[in-house]
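See below for coords37.txt, which holds compact mmCIF, C-alpha atoms (C1' of nucleotides).
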# COMPACT_ATOMS: atom_id res chain seq x y z
CA MET F 25 31.06 -57.11 -104.49
CA SER F 26 33.34 -57.81 -101.56
CA ASN F 27 35.11 -60.64 -99.79
CA SER F 28 32.54 -60.56 -97.00
CA LYS F 29 29.29 -62.37 -97.69
CA LEU F 30 27.46 -59.93 -95.48
CA TYR F 31 27.06 -57.51 -98.36
CA LYS F 32 24.78 -59.98 -100.10
CA GLY F 33 21.37 -58.40 -100.18
CA SER F 34 22.47 -54.83 -99.54
CA LEU F 35 23.21 -53.74 -103.11
CA ASN F 36 19.70 -52.41 -103.77
CA THR F 37 19.75 -50.43 -100.55
CA ILE F 38 23.07 -48.87 -101.54
CA ILE F 39 21.88 -47.94 -105.02
CA LEU F 40 18.64 -46.41 -103.79
CA LYS F 41 20.33 -44.43 -101.06
CA LEU F 42 22.98 -43.01 -103.38
CA LEU F 43 20.34 -41.95 -105.87
CA SER F 44 18.30 -40.30 -103.15
CA GLU F 45 21.35 -38.26 -102.20
CA ASN F 46 22.64 -37.39 -105.62
CA GLY F 47 19.50 -36.99 -107.67
CA LYS F 48 20.71 -38.89 -110.70
CA MET F 49 23.68 -41.09 -111.35
CA TYR F 50 24.90 -43.49 -114.00
CA GLY F 51 26.19 -46.98 -113.37
CA TYR F 52 29.89 -46.41 -113.63
CA GLU F 53 29.55 -43.35 -111.42
CA ILE F 54 27.91 -45.49 -108.74
CA THR F 55 30.77 -47.97 -108.69
CA GLN F 56 33.28 -45.16 -108.31
CA LYS F 57 31.27 -43.37 -105.65
CA VAL F 58 31.00 -46.52 -103.56
CA LYS F 59 34.70 -47.26 -103.93
CA ASP F 60 35.38 -43.70 -102.84
CA LEU F 61 33.04 -43.58 -99.86
CA THR F 62 34.29 -46.90 -98.56
CA LYS F 63 37.95 -46.15 -99.22
CA GLY F 64 38.16 -49.14 -101.51
CA GLU F 65 36.67 -51.66 -99.13
CA LEU F 66 33.54 -52.19 -101.18
CA ASN F 67 33.85 -52.69 -104.89
CA ILE F 68 30.60 -53.20 -106.74
CA THR F 69 31.13 -55.38 -109.79
CA GLU F 70 29.50 -54.53 -113.08
CA GLY F 71 28.01 -58.00 -113.27
CA ALA F 72 26.08 -57.26 -110.10
CA LEU F 73 25.30 -53.61 -110.67
CA TYR F 74 23.84 -53.48 -114.16
CA PRO F 75 21.35 -56.32 -113.72
CA ALA F 76 20.33 -54.75 -110.41
CA LEU F 77 19.69 -51.40 -112.07
CA HIS F 78 17.67 -53.07 -114.82
CA LYS F 79 15.58 -54.87 -112.26
CA LEU F 80 14.91 -51.78 -110.19
CA GLU F 81 13.85 -50.03 -113.35
CA ALA F 82 11.57 -52.90 -114.35
CA GLU F 83 9.98 -52.71 -110.92
CA GLY F 84 9.24 -49.06 -111.46
CA LEU F 85 11.57 -47.78 -108.78
CA LEU F 86 13.93 -46.06 -111.19
CA ASP F 87 13.61 -43.95 -114.32
CA VAL F 88 16.27 -43.90 -117.02
CA GLU F 89 17.53 -41.09 -119.16
CA ILE F 90 20.13 -41.72 -121.82
CA ALA F 91 22.83 -39.15 -122.45
CA LYS F 92 25.85 -38.90 -124.69
CA VAL F 93 28.90 -37.31 -123.13
CA ASP F 94 32.20 -37.09 -125.01
CA ASN F 95 30.74 -39.44 -127.59
CA ARG F 96 30.23 -42.04 -124.84
CA LEU F 97 26.94 -43.47 -123.68
CA ARG F 98 25.63 -42.86 -120.21
CA LYS F 99 22.42 -44.08 -118.65
CA TYR F 100 21.33 -41.82 -115.85
CA TYR F 101 19.04 -43.33 -113.26
CA LYS F 102 16.86 -41.46 -110.83
CA LEU F 103 14.26 -42.46 -108.27
CA THR F 104 10.60 -42.56 -109.18
CA GLU F 105 8.02 -41.68 -106.58
CA SER F 106 7.64 -45.29 -105.53
CA GLY F 107 11.42 -45.60 -105.62
CA THR F 108 11.64 -42.83 -103.05
CA LYS F 109 9.20 -44.66 -100.80
CA GLU F 110 11.10 -47.90 -101.23
CA THR F 111 14.31 -46.12 -100.27
CA VAL F 112 12.84 -45.07 -96.95
CA SER F 113 11.66 -48.59 -96.31
CA LYS F 114 14.99 -50.14 -97.25
CA LEU F 115 16.85 -47.79 -94.97
CA GLN F 116 14.55 -48.68 -92.11
CA GLU F 117 15.18 -52.34 -92.82
CA LEU F 118 18.91 -51.71 -92.71
CA ALA F 119 18.67 -49.87 -89.41
CA GLU F 120 16.53 -52.70 -88.05
CA TYR F 121 18.98 -55.30 -89.30
CA ILE F 122 21.89 -53.54 -87.66
CA LYS F 123 20.00 -53.24 -84.38
CA THR F 124 19.02 -56.89 -84.45
CA MET F 125 22.51 -58.10 -85.24
CA GLN F 126 24.07 -55.95 -82.56
CA ASN F 127 21.57 -57.40 -80.15
CA LEU F 128 22.51 -60.92 -81.14
CA VAL F 129 26.21 -60.32 -81.12
CA ASN F 130 26.42 -57.90 -78.25
CA PRO F 131 23.66 -59.07 -75.90
CA LYS F 132 25.06 -57.25 -72.90
CA LEU F 133 23.44 -54.11 -74.29
CA ALA F 134 20.00 -55.72 -74.46
CA MET S 5 15.21 -66.59 -92.47
CA SER S 6 13.45 -63.25 -92.49
CA ASN S 7 11.56 -60.91 -94.78
CA SER S 8 14.65 -58.75 -95.10
CA LYS S 9 17.24 -59.96 -97.56
CA LEU S 10 19.94 -58.32 -95.51
CA TYR S 11 20.19 -61.38 -93.27
CA LYS S 12 21.49 -63.37 -96.21
CA GLY S 13 25.09 -64.14 -95.41
CA SER S 14 24.90 -63.61 -91.66
CA LEU S 15 23.67 -67.04 -90.58
CA ASN S 16 27.13 -68.49 -89.99
CA THR S 17 28.12 -65.48 -87.94
CA ILE S 18 25.02 -65.90 -85.78
CA ILE S 19 25.61 -69.61 -85.22
CA LEU S 20 29.25 -69.17 -84.31
CA LYS S 21 28.57 -66.30 -81.95
CA LEU S 22 25.80 -68.15 -80.12
CA LEU S 23 28.00 -71.19 -79.68
CA SER S 24 30.85 -69.06 -78.38
CA GLU S 25 28.49 -67.68 -75.75
CA ASN S 26 26.70 -70.84 -74.76
CA GLY S 27 29.35 -73.51 -75.04
CA LYS S 28 27.22 -76.08 -76.79
CA MET S 29 23.81 -75.97 -78.40
CA TYR S 30 21.63 -78.15 -80.61
CA GLY S 31 19.89 -77.02 -83.76
CA TYR S 32 16.39 -76.57 -82.49
CA GLU S 33 17.73 -74.70 -79.49
CA ILE S 34 19.49 -72.26 -81.80
CA THR S 35 16.30 -71.46 -83.68
CA GLN S 36 14.46 -70.81 -80.41
CA LYS S 37 17.28 -68.76 -78.95
CA VAL S 38 17.40 -66.51 -82.00
CA LYS S 39 13.63 -66.09 -82.03
CA ASP S 40 13.86 -65.17 -78.35
CA LEU S 41 16.74 -62.74 -78.57
CA THR S 42 15.21 -60.94 -81.55
CA LYS S 43 11.67 -60.93 -80.11
CA GLY S 44 10.46 -62.91 -83.09
CA GLU S 45 11.93 -60.67 -85.75
CA LEU S 46 14.42 -63.24 -86.97
CA ASN S 47 13.26 -66.80 -87.55
CA ILE S 48 15.91 -69.18 -88.77
CA THR S 49 14.37 -71.87 -90.92
CA GLU S 50 15.40 -75.48 -90.49
CA GLY S 51 16.15 -75.74 -94.19
CA ALA S 52 18.80 -73.08 -93.73
CA LEU S 53 20.11 -74.03 -90.31
CA TYR S 54 20.80 -77.74 -90.57
CA PRO S 55 22.75 -77.63 -93.83
CA ALA S 56 24.72 -74.70 -92.39
CA LEU S 57 25.60 -76.71 -89.27
CA HIS S 58 26.67 -79.65 -91.40
CA LYS S 59 28.86 -77.44 -93.48
CA LEU S 60 30.51 -75.76 -90.52
CA GLU S 61 31.19 -79.22 -89.12
CA ALA S 62 32.64 -80.42 -92.41
CA GLU S 63 34.91 -77.39 -92.42
CA GLY S 64 36.20 -78.33 -88.99
CA LEU S 65 34.75 -75.33 -87.20
CA LEU S 66 32.30 -77.35 -85.12
CA ASP S 67 32.34 -80.64 -83.23
CA VAL S 68 29.24 -82.76 -82.76
CA GLU S 69 28.08 -84.83 -79.84
CA ILE S 70 24.92 -86.86 -80.08
CA ALA S 71 22.64 -87.15 -77.07
CA LYS S 72 19.30 -88.77 -76.36
CA VAL S 73 16.95 -86.78 -74.16
CA ASP S 74 13.41 -87.98 -73.46
CA ASN S 75 13.89 -90.58 -76.14
CA ARG S 76 14.49 -87.80 -78.66
CA LEU S 77 17.65 -87.20 -80.62
CA ARG S 78 19.76 -84.13 -80.10
CA LYS S 79 22.95 -83.15 -81.83
CA TYR S 80 24.99 -80.80 -79.73
CA TYR S 81 27.45 -78.60 -81.54
CA LYS S 82 30.40 -76.77 -80.06
CA LEU S 83 33.25 -74.70 -81.44
CA THR S 84 36.55 -76.30 -82.28
CA GLU S 85 39.74 -74.34 -81.85
CA SER S 86 39.66 -73.12 -85.41
CA GLY S 87 35.95 -72.42 -84.98
CA THR S 88 36.78 -70.07 -82.14
CA LYS S 89 39.27 -68.24 -84.34
CA GLU S 90 36.75 -68.04 -87.16
CA THR S 91 34.19 -66.57 -84.77
CA VAL S 92 36.50 -63.70 -83.93
CA SER S 93 37.11 -63.06 -87.59
CA LYS S 94 33.40 -63.21 -88.48
CA LEU S 95 32.54 -60.77 -85.73
CA GLN S 96 35.19 -58.38 -86.99
CA GLU S 97 33.74 -58.67 -90.47
CA LEU S 98 30.31 -57.88 -89.11
CA ALA S 99 31.57 -54.82 -87.27
CA GLU S 100 33.36 -53.72 -90.43
CA TYR S 101 30.26 -54.27 -92.53
CA ILE S 102 28.12 -52.22 -90.16
CA LYS S 103 30.66 -49.42 -90.15
CA THR S 104 30.87 -49.39 -93.92
CA MET S 105 27.13 -49.39 -94.41
CA GLN S 106 26.60 -46.63 -91.89
CA ASN S 107 29.20 -44.65 -93.76
CA LEU S 108 27.40 -45.16 -97.04
CA VAL S 109 23.97 -44.50 -95.68
CA ASN S 110 24.82 -41.83 -93.17
CA PRO S 111 27.68 -39.97 -94.83
CA LYS S 112 27.30 -36.90 -92.64
CA LEU S 113 29.23 -38.80 -89.98
CA ALA S 114 32.13 -39.46 -92.31
C1' DA O 25 -8.29 -88.45 -82.98
C1' DA O 26 -6.17 -84.25 -84.25
C1' DC O 27 -2.90 -81.01 -83.47
C1' DC O 28 1.15 -78.77 -81.87
C1' DA O 29 5.90 -78.83 -80.03
C1' DT O 30 10.18 -81.04 -80.24
C1' DA O 31 14.07 -82.63 -83.25
C1' DC O 32 16.62 -83.74 -87.40
C1' DT O 33 17.06 -84.42 -92.71
C1' DT O 34 17.10 -83.36 -97.45
C1' DA O 35 15.50 -82.13 -102.26
C1' DA O 36 13.90 -78.64 -105.54
C1' DG O 37 13.51 -74.09 -106.61
C1' DT O 38 14.87 -69.07 -106.32
C1' DA O 39 17.70 -64.97 -105.78
C1' DT O 40 21.96 -62.70 -105.57
C1' DC O 41 26.19 -62.45 -106.57
C1' DT O 42 31.04 -63.73 -109.04
C1' DT O 43 33.54 -64.58 -112.93
C1' DA O 44 34.20 -64.03 -117.50
C1' DT O 45 33.43 -62.27 -121.88
C1' DG O 46 32.08 -58.92 -125.26
C1' DC O 47 31.49 -54.27 -127.44
C1' DA O 48 32.93 -49.38 -127.93
C1' DT O 49 35.42 -44.72 -127.21
C1' DA O 50 39.17 -41.97 -125.36
C1' DA O 51 43.40 -40.84 -122.97
C1' DG O 52 47.97 -41.77 -121.57
C1' DA O 53 52.26 -44.40 -121.62
C1' DA O 54 55.85 -47.02 -124.05
C1' DT U 19 52.12 -45.73 -132.82
C1' DT U 20 50.84 -49.42 -130.45
C1' DC U 21 49.59 -51.03 -125.92
C1' DT U 22 47.43 -50.33 -121.71
C1' DT U 23 44.25 -48.11 -118.74
C1' DA U 24 40.01 -45.68 -117.93
C1' DT U 25 35.36 -44.92 -119.16
C1' DG U 26 30.77 -46.99 -120.03
C1' DC U 27 27.33 -50.58 -120.79
C1' DA U 28 25.59 -55.61 -121.38
C1' DT U 29 24.95 -60.45 -120.41
C1' DA U 30 25.74 -65.53 -119.90
C1' DA U 31 27.41 -69.34 -116.91
C1' DG U 32 28.44 -70.84 -112.56
C1' DA U 33 28.55 -70.61 -107.36
C1' DT U 34 26.25 -69.93 -103.09
C1' DA U 35 22.81 -69.19 -99.66
C1' DC U 36 18.70 -69.24 -98.84
C1' DT U 37 13.18 -70.57 -99.12
C1' DT U 38 9.77 -73.78 -99.58
C1' DA U 39 8.24 -78.09 -98.94
C1' DA U 40 8.12 -82.72 -97.76
C1' DG U 41 9.52 -86.61 -94.87
C1' DT U 42 10.69 -89.17 -90.38
C1' DA U 43 9.88 -89.71 -85.44
C1' DT U 44 8.49 -88.90 -80.31
C1' DG U 45 5.52 -86.84 -76.90
C1' DG U 46 2.21 -83.79 -74.86
C1' DT U 47 -2.33 -81.24 -75.32
C1' DT U 48 -7.37 -80.56 -76.79
As structure tokens:
Amino acid sequence: MSNSKLYKGSLNTIILKLLSENGKMYGYEITQKVKDLTKGELNITEGALYPALHKLEAEGLLDVEIAKVDNRLRKYYKLTESGTKETVSKLQELAEYIKTMQNLVNPKLA
Amino acid sequence: MSNSKLYKGSLNTIILKLLSENGKMYGYEITQKVKDLTKGELNITEGALYPALHKLEAEGLLDVEIAKVDNRLRKYYKLTESGTKETVSKLQELAEYIKTMQNLVNPKLA
DNA sequence: AACCATACTTAAGTATCTTATGCATAAGAA
DNA sequence: TTCTTATGCATAAGATACTTAAGTATGGTT
């Protein structure tokens, strides 16, 4: 996913947030979007992404819709209702994490 | 370490930064300091901390000094020279990670 | 006497990710 | 026209970082 271990644990948050912004996306599209938005700093590997999508679906946070474009398969994912709630919660967790870490690392601001 | 998976991968950064601030610390002290600074939000478990300290020592980033206080053992850790360098690098990574994630999650600022 | 705080250790299990491989279609370069 | 690259998904094996849990030991509190 990246050379920095810090990204461990943030993949689900990224997926959920992107879906909440873009309505529906397919896996490959997500990898490209992330590469784009981060100017190449963050590259999500397929080996991480697809199992993550399957798990989120199994947990009922995502719905799938299969499409065929140019004779190629695409699996579009979108948030379910509970997926939308989870997105809010994950984003709060991220904000909280960032605040906590800045507090630890930059205690002069505390 | 915490209910949020986001902390996965940031333990080493936390240890190194605390040592760079406080000169030398022992394991138990680190857990208490983190609990303090984060008002209880982040609790580092012993099962995570002690192996991490041993590994950082094995990598040459930390030096150990054993002390006996009140008939109890303490192992004080402090940064080596290369540990100090690594701390700088880890803190840069953290800043970079935060920037990237805010970009992904808050793209209006991009 | 029982419990909690201090202090360190380590083993077993889990989760997340990397690395690698595989399948399949299409477009572009050599 | 053959080879590479891009598109698109899937999954198994291994690495890593953590959780959970148990163990050892001292000392203060109820």
ask   = Within 6 Å of chain F, which residues of chain S show up when using only C-alpha atoms, listed as a PyMOL selection string?
value = chain S and resi 9-10+13-14
Please, could you write that set of residues out with C-alpha atoms as a PDB file, keeping the file's coordinate frame?
ATOM      1  CA  LYS S   9      17.240 -59.960 -97.560  1.00  0.00           C
ATOM      2  CA  LEU S  10      19.940 -58.320 -95.510  1.00  0.00           C
ATOM      3  CA  GLY S  13      25.090 -64.140 -95.410  1.00  0.00           C
ATOM      4  CA  SER S  14      24.900 -63.610 -91.660  1.00  0.00           C
TER       5      SER S  14
END
query = Residues of chain O within 9 Å of chain S, using only C-alpha atoms (C1' of nucleotides), as an MDAnalysis selection string?
reply = chainID O and resid 30:34
Residue subset to file, keeping C-alpha atoms (C1' of nucleotides), as a compact mmCIF listing (two decimals), keeping the file's coordinate frame:
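Result went into selection_27.txt, see below:
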# COMPACT_ATOMS: atom_id res chain seq x y z
C1' DT O 30 10.18 -81.04 -80.24
C1' DA O 31 14.07 -82.63 -83.25
C1' DC O 32 16.62 -83.74 -87.40
C1' DT O 33 17.06 -84.42 -92.71
C1' DT O 34 17.10 -83.36 -97.45
message = Only residues of chain U matter here; which ones have an atom within 12 Å of chain F, counting all atoms listed in the file? Give them as a ChimeraX atom specification.
response = /U:24-31,34-36
query = Mind listing as an MDAnalysis selection string all residues within 9 Å of (39.6, -46.0, -123.5), counting all atoms listed in the file?
reply = (chainID O and resid 48:51) or (chainID U and resid 23:25)
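Here CA of Val93 (chain F) is placed at a distance of 28.7 Å from CA of Ser106 (chain F).
Pairwise distance (CA of Ile34 (chain S), CA of Leu65 (chain S)) equals 16.5 Å.
Picture a line from CA of Thr55 (chain F) to CA of Leu73 (chain F); it runs 8.1 Å.
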Missing atoms of region 55-73 of chain S rebuilt to N, CA, C and O atoms, written as a PDB file, keeping the file's coordinate frame:
ATOM      1  N   PRO S  55      21.636 -77.556 -92.866  1.00  0.00           N
ATOM      2  CA  PRO S  55      22.750 -77.630 -93.830  1.00  0.00           C
ATOM      3  C   PRO S  55      23.928 -76.743 -93.418  1.00  0.00           C
ATOM      4  O   PRO S  55      25.082 -77.112 -93.631  1.00  0.00           O
ATOM      5  N   ALA S  56      23.636 -75.593 -92.818  1.00  0.00           N
ATOM      6  CA  ALA S  56      24.720 -74.700 -92.390  1.00  0.00           C
ATOM      7  C   ALA S  56      25.552 -75.358 -91.292  1.00  0.00           C
ATOM      8  O   ALA S  56      26.785 -75.306 -91.318  1.00  0.00           O
ATOM      9  N   LEU S  57      24.879 -76.005 -90.351  1.00  0.00           N
ATOM     10  CA  LEU S  57      25.600 -76.710 -89.270  1.00  0.00           C
ATOM     11  C   LEU S  57      26.475 -77.820 -89.845  1.00  0.00           C
ATOM     12  O   LEU S  57      27.629 -77.988 -89.449  1.00  0.00           O
ATOM     13  N   HIS S  58      25.904 -78.559 -90.797  1.00  0.00           N
ATOM     14  CA  HIS S  58      26.670 -79.650 -91.400  1.00  0.00           C
ATOM     15  C   HIS S  58      27.911 -79.137 -92.110  1.00  0.00           C
ATOM     16  O   HIS S  58      28.970 -79.751 -92.068  1.00  0.00           O
ATOM     17  N   LYS S  59      27.747 -78.000 -92.751  1.00  0.00           N
ATOM     18  CA  LYS S  59      28.860 -77.440 -93.480  1.00  0.00           C
ATOM     19  C   LYS S  59      29.953 -76.930 -92.539  1.00  0.00           C
ATOM     20  O   LYS S  59      31.142 -77.159 -92.764  1.00  0.00           O
ATOM     21  N   LEU S  60      29.541 -76.263 -91.490  1.00  0.00           N
ATOM     22  CA  LEU S  60      30.510 -75.760 -90.520  1.00  0.00           C
ATOM     23  C   LEU S  60      31.267 -76.933 -89.878  1.00  0.00           C
ATOM     24  O   LEU S  60      32.459 -76.840 -89.593  1.00  0.00           O
ATOM     25  N   GLU S  61      30.542 -78.029 -89.671  1.00  0.00           N
ATOM     26  CA  GLU S  61      31.190 -79.220 -89.120  1.00  0.00           C
ATOM     27  C   GLU S  61      32.194 -79.792 -90.122  1.00  0.00           C
ATOM     28  O   GLU S  61      33.326 -80.107 -89.766  1.00  0.00           O
ATOM     29  N   ALA S  62      31.770 -79.886 -91.363  1.00  0.00           N
ATOM     30  CA  ALA S  62      32.640 -80.420 -92.410  1.00  0.00           C
ATOM     31  C   ALA S  62      33.898 -79.577 -92.574  1.00  0.00           C
ATOM     32  O   ALA S  62      34.953 -80.086 -92.940  1.00  0.00           O
ATOM     33  N   GLU S  63      33.767 -78.291 -92.289  1.00  0.00           N
ATOM     34  CA  GLU S  63      34.910 -77.390 -92.420  1.00  0.00           C
ATOM     35  C   GLU S  63      35.805 -77.425 -91.175  1.00  0.00           C
ATOM     36  O   GLU S  63      36.817 -76.723 -91.112  1.00  0.00           O
ATOM     37  N   GLY S  64      35.374 -78.190 -90.190  1.00  0.00           N
ATOM     38  CA  GLY S  64      36.200 -78.330 -88.990  1.00  0.00           C
ATOM     39  C   GLY S  64      36.024 -77.210 -87.985  1.00  0.00           C
ATOM     40  O   GLY S  64      36.825 -77.059 -87.065  1.00  0.00           O
ATOM     41  N   LEU S  65      34.972 -76.433 -88.130  1.00  0.00           N
ATOM     42  CA  LEU S  65      34.750 -75.330 -87.200  1.00  0.00           C
ATOM     43  C   LEU S  65      33.901 -75.762 -86.008  1.00  0.00           C
ATOM     44  O   LEU S  65      33.906 -75.125 -84.964  1.00  0.00           O
ATOM     45  N   LEU S  66      33.150 -76.849 -86.198  1.00  0.00           N
ATOM     46  CA  LEU S  66      32.300 -77.350 -85.120  1.00  0.00           C
ATOM     47  C   LEU S  66      32.558 -78.836 -84.865  1.00  0.00           C
ATOM     48  O   LEU S  66      32.905 -79.586 -85.765  1.00  0.00           O
ATOM     49  N   ASP S  67      32.352 -79.230 -83.608  1.00  0.00           N
ATOM     50  CA  ASP S  67      32.340 -80.640 -83.230  1.00  0.00           C
ATOM     51  C   ASP S  67      30.921 -81.034 -82.836  1.00  0.00           C
ATOM     52  O   ASP S  67      30.176 -80.210 -82.298  1.00  0.00           O
ATOM     53  N   VAL S  68      30.577 -82.291 -83.095  1.00  0.00           N
ATOM     54  CA  VAL S  68      29.240 -82.760 -82.760  1.00  0.00           C
ATOM     55  C   VAL S  68      29.309 -83.801 -81.659  1.00  0.00           C
ATOM     56  O   VAL S  68      30.270 -84.559 -81.550  1.00  0.00           O
ATOM     57  N   GLU S  69      28.229 -83.832 -80.887  1.00  0.00           N
ATOM     58  CA  GLU S  69      28.080 -84.830 -79.840  1.00  0.00           C
ATOM     59  C   GLU S  69      26.602 -85.184 -79.786  1.00  0.00           C
ATOM     60  O   GLU S  69      25.750 -84.325 -79.581  1.00  0.00           O
ATOM     61  N   ILE S  70      26.319 -86.444 -80.011  1.00  0.00           N
ATOM     62  CA  ILE S  70      24.920 -86.860 -80.080  1.00  0.00           C
ATOM     63  C   ILE S  70      24.424 -87.278 -78.701  1.00  0.00           C
ATOM     64  O   ILE S  70      25.112 -87.987 -77.968  1.00  0.00           O
ATOM     65  N   ALA S  71      23.230 -86.818 -78.363  1.00  0.00           N
ATOM     66  CA  ALA S  71      22.640 -87.150 -77.070  1.00  0.00           C
ATOM     67  C   ALA S  71      21.196 -87.598 -77.272  1.00  0.00           C
ATOM     68  O   ALA S  71      20.566 -87.276 -78.276  1.00  0.00           O
ATOM     69  N   LYS S  72      20.697 -88.359 -76.310  1.00  0.00           N
ATOM     70  CA  LYS S  72      19.300 -88.770 -76.360  1.00  0.00           C
ATOM     71  C   LYS S  72      18.597 -88.266 -75.104  1.00  0.00           C
ATOM     72  O   LYS S  72      18.923 -88.677 -73.999  1.00  0.00           O
ATOM     73  N   VAL S  73      17.663 -87.379 -75.289  1.00  0.00           N
ATOM     74  CA  VAL S  73      16.950 -86.780 -74.160  1.00  0.00           C
ATOM     75  C   VAL S  73      15.449 -87.037 -74.353  1.00  0.00           C
ATOM     76  O   VAL S  73      14.891 -86.702 -75.397  1.00  0.00           O
TER      77      VAL S  73
END
